[in-house]
Amino acid sequence: MRNYSLDQILLLELLAFKEDVSLLVAPSFVVDFDYKTFVPLMKGIGFDHVFEITFGAKVVTQSYQKYIVENKDQEKFISSTCPMCVNLISARFPSEKKFLLPFDSPMIAMAKIVKKNFPKEKIVFLSPCTAKKFEAKDSGLIDCVITFKELKQLIENVNPKPIECSHLFDKFYNDFTKIYPLSGGLSKTMNVKKIFAQNQTISIEGQKSIVKLFESNPKQKFFDILYCNGGCIGGNGINIKTPTFFKKHSVKSYIKNAKKEKIGERMGLNKYTKGINFSKKF
Ligand code: SF4
């Protein structure tokens with residue numbers, strides 16, 4: 001066997017044993033993969049469903065909005081979608097930990113939705129960073145996390161044939177929460193301007209900048225934070241080495257193209273999420 005990582009071996013085993021497997025995809029995938037050929041290629045490898053985690057992101061966004069409105073007298077609110085930020089705040093600024101928004105990340109929310117609707121399927125998450133491996137392990141919901149780099153390497157070695165199918169993702173809902181991977185994307189998606197005055201919110205990326213900000217006793221109320229430079233497009237599991245500007249461009253063009261492909265229903269969110277608890281304690 002080639003020099004594979006444990007997660008690459010696990011994935012090959014899941015697919016070889018013909019388990020029903022769903023692939024959940026972080027929306028930053030377009031920095032490393034071609035949008036138009038990605039789904040047929042993944043189904044060619046052996047995944048039964050290929051979902052973006054945008055529906056999970058939508059559920060998280062809605063939970064944040066509702067919680068903030070219901071707790072508007074709270075001193076501040078800190079986003080908790082990035083596991084490295086959760087660790088950083090907990091370790092370096094423990095007095096701020098209570099302000100982390102008490103909900104699942106989009107990855108975990110999406111895994112819960114897939115488990116509810118396809119209880120027997122194994123779940124693989126395609127990640128821009130290795131931090132998601134630890135978050136997934138703690139959840140007990142996800143069977144394997146593979147980074148973009150690891151998947152690229154497998155594709156090169158296995159050389160799968162794409163199957164003939166639509167290039168569109170499998171969907172529960174016609175969702176477009178694709179701007180999350182970029183710094184400030186959460187604030188835009190949440191439309192925080194409608195909830196807070198402009199000087200009450202801040203979007204910030206990069207470990208050093210976050211530390212500097214919280215050391216300065218900031219006065220804002222809403223903190224949209226991502227650990228990597230540029231947001232998730234700067235994750236350590238990304239293969240391509242192009243500058244952040246080009247990666248941002250890939251995500252933005254993808255959003256633009258995907259918007260032209262509206263399919264499915266826009267109603268009925270609740271039927272797929274009914275009874276699921278998306279809250280989380282930090
Ligand atoms: S910002 Fe970086 S560490 Fe955080 S979830 Fe995104 S890629 Fe992972």
# chains A, B, ... in the order shown; residues from 1 in each chain; ligands from 1
>>> select_by_dssp(residues="region 3-235 of chain A", states="helix (DSSP H, G or I)", output="ChimeraX atom specification")
/A:6-16,27-31,35-45,54-70,83-92,94-99,106-117,131-139,148-158,185-190,192-194,198-200,207-215,232-234
>>> select_by_dssp(residues="region 59-260 of chain A", states="strand (DSSP E or B)", output="count of residues only")
27
>>> closest_residue(among="A:Phe278, A:Phe29, A:Tyr227, A:Phe38", to="ligand 1", atoms="only C-alpha atoms and all ligand atoms")
A:Tyr227
>>> residues_around(residues="Asp48 (chain A)", least_positions_apart="6", cutoff="8 Å", atoms="only C-alpha atoms", output="number ranges by chain")
A: 20-23
>>> closest_residue(among="A:Val158, A:Val86, A:Leu168, A:Ile238", to="Tyr35 (chain A)", atoms="only C-alpha atoms")
A:Leu168
>>> residues_near_ligand(ligand="ligand 1", cutoff="12 Å", atoms="only C-alpha atoms and all ligand atoms", output="VMD selection string")
chain A and resid 26 to 29 79 to 88 105 to 108 126 to 136 147 to 148 180 to 186 204 to 207 210 224 to 238
>>> write_last_selection(atoms="C-alpha atoms", output="PDB file, in the first residue's frame")
ATOM      1  CA  ALA A  26     -16.968  22.457   2.856  1.00  0.00           C
ATOM      2  CA  PRO A  27     -17.842  25.318   0.481  1.00  0.00           C
ATOM      3  CA  SER A  28     -14.185  26.301   0.097  1.00  0.00           C
ATOM      4  CA  PHE A  29     -13.687  23.124  -2.004  1.00  0.00           C
ATOM      5  CA  SER A  79     -19.036  33.057  16.538  1.00  0.00           C
ATOM      6  CA  SER A  80     -18.197  29.417  17.227  1.00  0.00           C
ATOM      7  CA  THR A  81     -18.092  27.914  13.737  1.00  0.00           C
ATOM      8  CA  CYS A  82     -14.280  27.473  13.717  1.00  0.00           C
ATOM      9  CA  PRO A  83     -12.871  24.866  16.147  1.00  0.00           C
ATOM     10  CA  MET A  84      -9.475  26.584  16.341  1.00  0.00           C
ATOM     11  CA  CYS A  85     -11.155  29.840  17.390  1.00  0.00           C
ATOM     12  CA  VAL A  86     -13.167  27.995  20.034  1.00  0.00           C
ATOM     13  CA  ASN A  87      -9.894  26.509  21.359  1.00  0.00           C
ATOM     14  CA  LEU A  88      -8.123  29.859  21.218  1.00  0.00           C
ATOM     15  CA  SER A 105     -20.682  24.260  13.615  1.00  0.00           C
ATOM     16  CA  PRO A 106     -22.124  23.916  10.084  1.00  0.00           C
ATOM     17  CA  MET A 107     -20.229  20.602   9.686  1.00  0.00           C
ATOM     18  CA  ILE A 108     -21.848  19.066  12.789  1.00  0.00           C
ATOM     19  CA  LEU A 126     -14.108  16.980   3.121  1.00  0.00           C
ATOM     20  CA  SER A 127     -12.233  19.666   5.013  1.00  0.00           C
ATOM     21  CA  PRO A 128      -9.944  22.623   4.325  1.00  0.00           C
ATOM     22  CA  CYS A 129      -8.157  22.017   7.651  1.00  0.00           C
ATOM     23  CA  THR A 130      -7.013  19.302  10.042  1.00  0.00           C
ATOM     24  CA  ALA A 131      -8.746  20.967  13.041  1.00  0.00           C
ATOM     25  CA  LYS A 132     -12.050  19.556  11.776  1.00  0.00           C
ATOM     26  CA  LYS A 133     -10.672  16.046  12.379  1.00  0.00           C
ATOM     27  CA  PHE A 134     -10.641  16.672  16.145  1.00  0.00           C
ATOM     28  CA  GLU A 135     -14.018  18.375  16.150  1.00  0.00           C
ATOM     29  CA  ALA A 136     -15.527  15.464  14.208  1.00  0.00           C
ATOM     30  CA  THR A 147      -8.557  17.152   3.789  1.00  0.00           C
ATOM     31  CA  PHE A 148      -8.542  18.600   0.275  1.00  0.00           C
ATOM     32  CA  TYR A 180     -19.076  31.331   4.900  1.00  0.00           C
ATOM     33  CA  PRO A 181     -15.527  30.262   3.951  1.00  0.00           C
ATOM     34  CA  LEU A 182     -14.452  33.856   3.432  1.00  0.00           C
ATOM     35  CA  SER A 183     -13.589  36.166   6.266  1.00  0.00           C
ATOM     36  CA  GLY A 184     -16.729  38.193   7.104  1.00  0.00           C
ATOM     37  CA  GLY A 185     -18.950  35.702   5.272  1.00  0.00           C
ATOM     38  CA  LEU A 186     -20.919  34.769   8.353  1.00  0.00           C
ATOM     39  CA  ILE A 204     -11.580  39.289  11.822  1.00  0.00           C
ATOM     40  CA  GLU A 205      -9.303  36.540  10.522  1.00  0.00           C
ATOM     41  CA  GLY A 206      -5.943  35.131  11.538  1.00  0.00           C
ATOM     42  CA  GLN A 207      -4.738  33.924  14.929  1.00  0.00           C
ATOM     43  CA  ILE A 210      -7.745  37.679  16.997  1.00  0.00           C
ATOM     44  CA  ASP A 224     -17.196  37.007  13.507  1.00  0.00           C
ATOM     45  CA  ILE A 225     -13.843  35.251  13.809  1.00  0.00           C
ATOM     46  CA  LEU A 226     -11.918  32.726  11.699  1.00  0.00           C
ATOM     47  CA  TYR A 227      -8.499  31.397  12.666  1.00  0.00           C
ATOM     48  CA  CYS A 228      -6.843  31.152   9.245  1.00  0.00           C
ATOM     49  CA  ASN A 229      -5.687  34.056   7.126  1.00  0.00           C
ATOM     50  CA  GLY A 230      -8.437  34.862   4.629  1.00  0.00           C
ATOM     51  CA  GLY A 231     -10.842  32.522   6.478  1.00  0.00           C
ATOM     52  CA  CYS A 232     -11.293  28.850   5.563  1.00  0.00           C
ATOM     53  CA  ILE A 233      -9.606  29.411   2.199  1.00  0.00           C
ATOM     54  CA  GLY A 234      -6.379  29.657   4.224  1.00  0.00           C
ATOM     55  CA  GLY A 235      -6.802  26.255   5.958  1.00  0.00           C
ATOM     56  CA  ASN A 236      -3.812  23.926   6.351  1.00  0.00           C
ATOM     57  CA  GLY A 237      -5.560  21.117   4.419  1.00  0.00           C
ATOM     58  CA  ILE A 238      -5.783  23.110   1.199  1.00  0.00           C
TER      59      ILE A 238
END
>>> residues_around(residues="Leu151 (chain A)", least_positions_apart="5", cutoff="9 Å", atoms="only C-alpha atoms", output="list in words")
Gln8, Leu126, Ile146 and Glu156 of chain A
>>> residues_around(residues="Asp7 (chain A)", least_positions_apart="2", cutoff="10 Å", atoms="only C-alpha atoms", output="count of residues only")
16
>>> atom_distance(atom1="CA of Lys149 (chain A)", atom2="CA of Val251 (chain A)")
17.6 Å
>>> residues_around(residues="Leu41 (chain A)", least_positions_apart="2", cutoff="9 Å", atoms="only C-alpha atoms", output="list in words")
Thr37, Phe38, Val39, Lys43, Gly44, Ile45, Gly46, Pro160, Lys161, Pro162 and Ile163 of chain A
>>> decode(residues="region 88-107 of chain A", atoms="N, CA and C atoms", output="CSV table (one decimal), in the first residue's frame")
chain,number,residue,atom,x,y,z
A,88,LEU,N,-8.9,28.7,20.9
A,88,LEU,CA,-8.1,29.9,21.2
A,88,LEU,C,-8.8,30.7,22.3
A,89,ILE,N,-10.1,30.9,22.1
A,89,ILE,CA,-10.8,31.7,23.1
A,89,ILE,C,-10.9,31.0,24.4
A,90,SER,N,-11.1,29.7,24.4
A,90,SER,CA,-11.2,28.9,25.7
A,90,SER,C,-9.8,29.0,26.4
A,91,ALA,N,-8.7,28.8,25.6
A,91,ALA,CA,-7.4,28.7,26.3
A,91,ALA,C,-6.8,30.1,26.7
A,92,ARG,N,-6.9,31.1,25.8
A,92,ARG,CA,-6.3,32.4,26.0
A,92,ARG,C,-7.2,33.4,26.7
A,93,PHE,N,-8.5,33.3,26.5
A,93,PHE,CA,-9.4,34.3,27.0
A,93,PHE,C,-10.6,33.6,27.7
A,94,PRO,N,-10.3,32.8,28.8
A,94,PRO,CA,-11.4,32.0,29.4
A,94,PRO,C,-12.6,32.8,29.8
A,95,SER,N,-12.4,34.0,30.2
A,95,SER,CA,-13.5,34.8,30.7
A,95,SER,C,-14.5,35.2,29.5
A,96,GLU,N,-14.0,35.0,28.3
A,96,GLU,CA,-14.9,35.3,27.1
A,96,GLU,C,-15.6,34.0,26.6
A,97,LYS,N,-15.2,32.9,27.1
A,97,LYS,CA,-15.8,31.6,26.6
A,97,LYS,C,-17.3,31.6,26.7
A,98,LYS,N,-17.8,32.2,27.8
A,98,LYS,CA,-19.3,32.2,27.9
A,98,LYS,C,-20.1,33.0,26.8
A,99,PHE,N,-19.3,33.7,26.0
A,99,PHE,CA,-19.9,34.5,24.9
A,99,PHE,C,-19.9,33.7,23.6
A,100,LEU,N,-19.3,32.6,23.6
A,100,LEU,CA,-19.3,31.8,22.3
A,100,LEU,C,-20.7,31.4,22.0
A,101,LEU,N,-21.2,31.6,20.8
A,101,LEU,CA,-22.6,31.2,20.5
A,101,LEU,C,-22.8,29.7,20.7
A,102,PRO,N,-23.8,29.3,21.5
A,102,PRO,CA,-23.9,27.9,21.9
A,102,PRO,C,-24.6,27.0,20.9
A,103,PHE,N,-24.0,26.9,19.7
A,103,PHE,CA,-24.6,26.1,18.6
A,103,PHE,C,-23.5,25.3,17.9
A,104,ASP,N,-23.9,24.2,17.2
A,104,ASP,CA,-23.0,23.4,16.4
A,104,ASP,C,-22.4,24.2,15.3
A,105,SER,N,-21.3,23.7,14.8
A,105,SER,CA,-20.7,24.3,13.6
A,105,SER,C,-21.5,23.8,12.4
A,106,PRO,N,-21.4,24.4,11.3
A,106,PRO,CA,-22.1,23.9,10.1
A,106,PRO,C,-21.8,22.4,9.8
A,107,MET,N,-20.6,22.0,10.0
A,107,MET,CA,-20.2,20.6,9.7
A,107,MET,C,-21.1,19.7,10.6
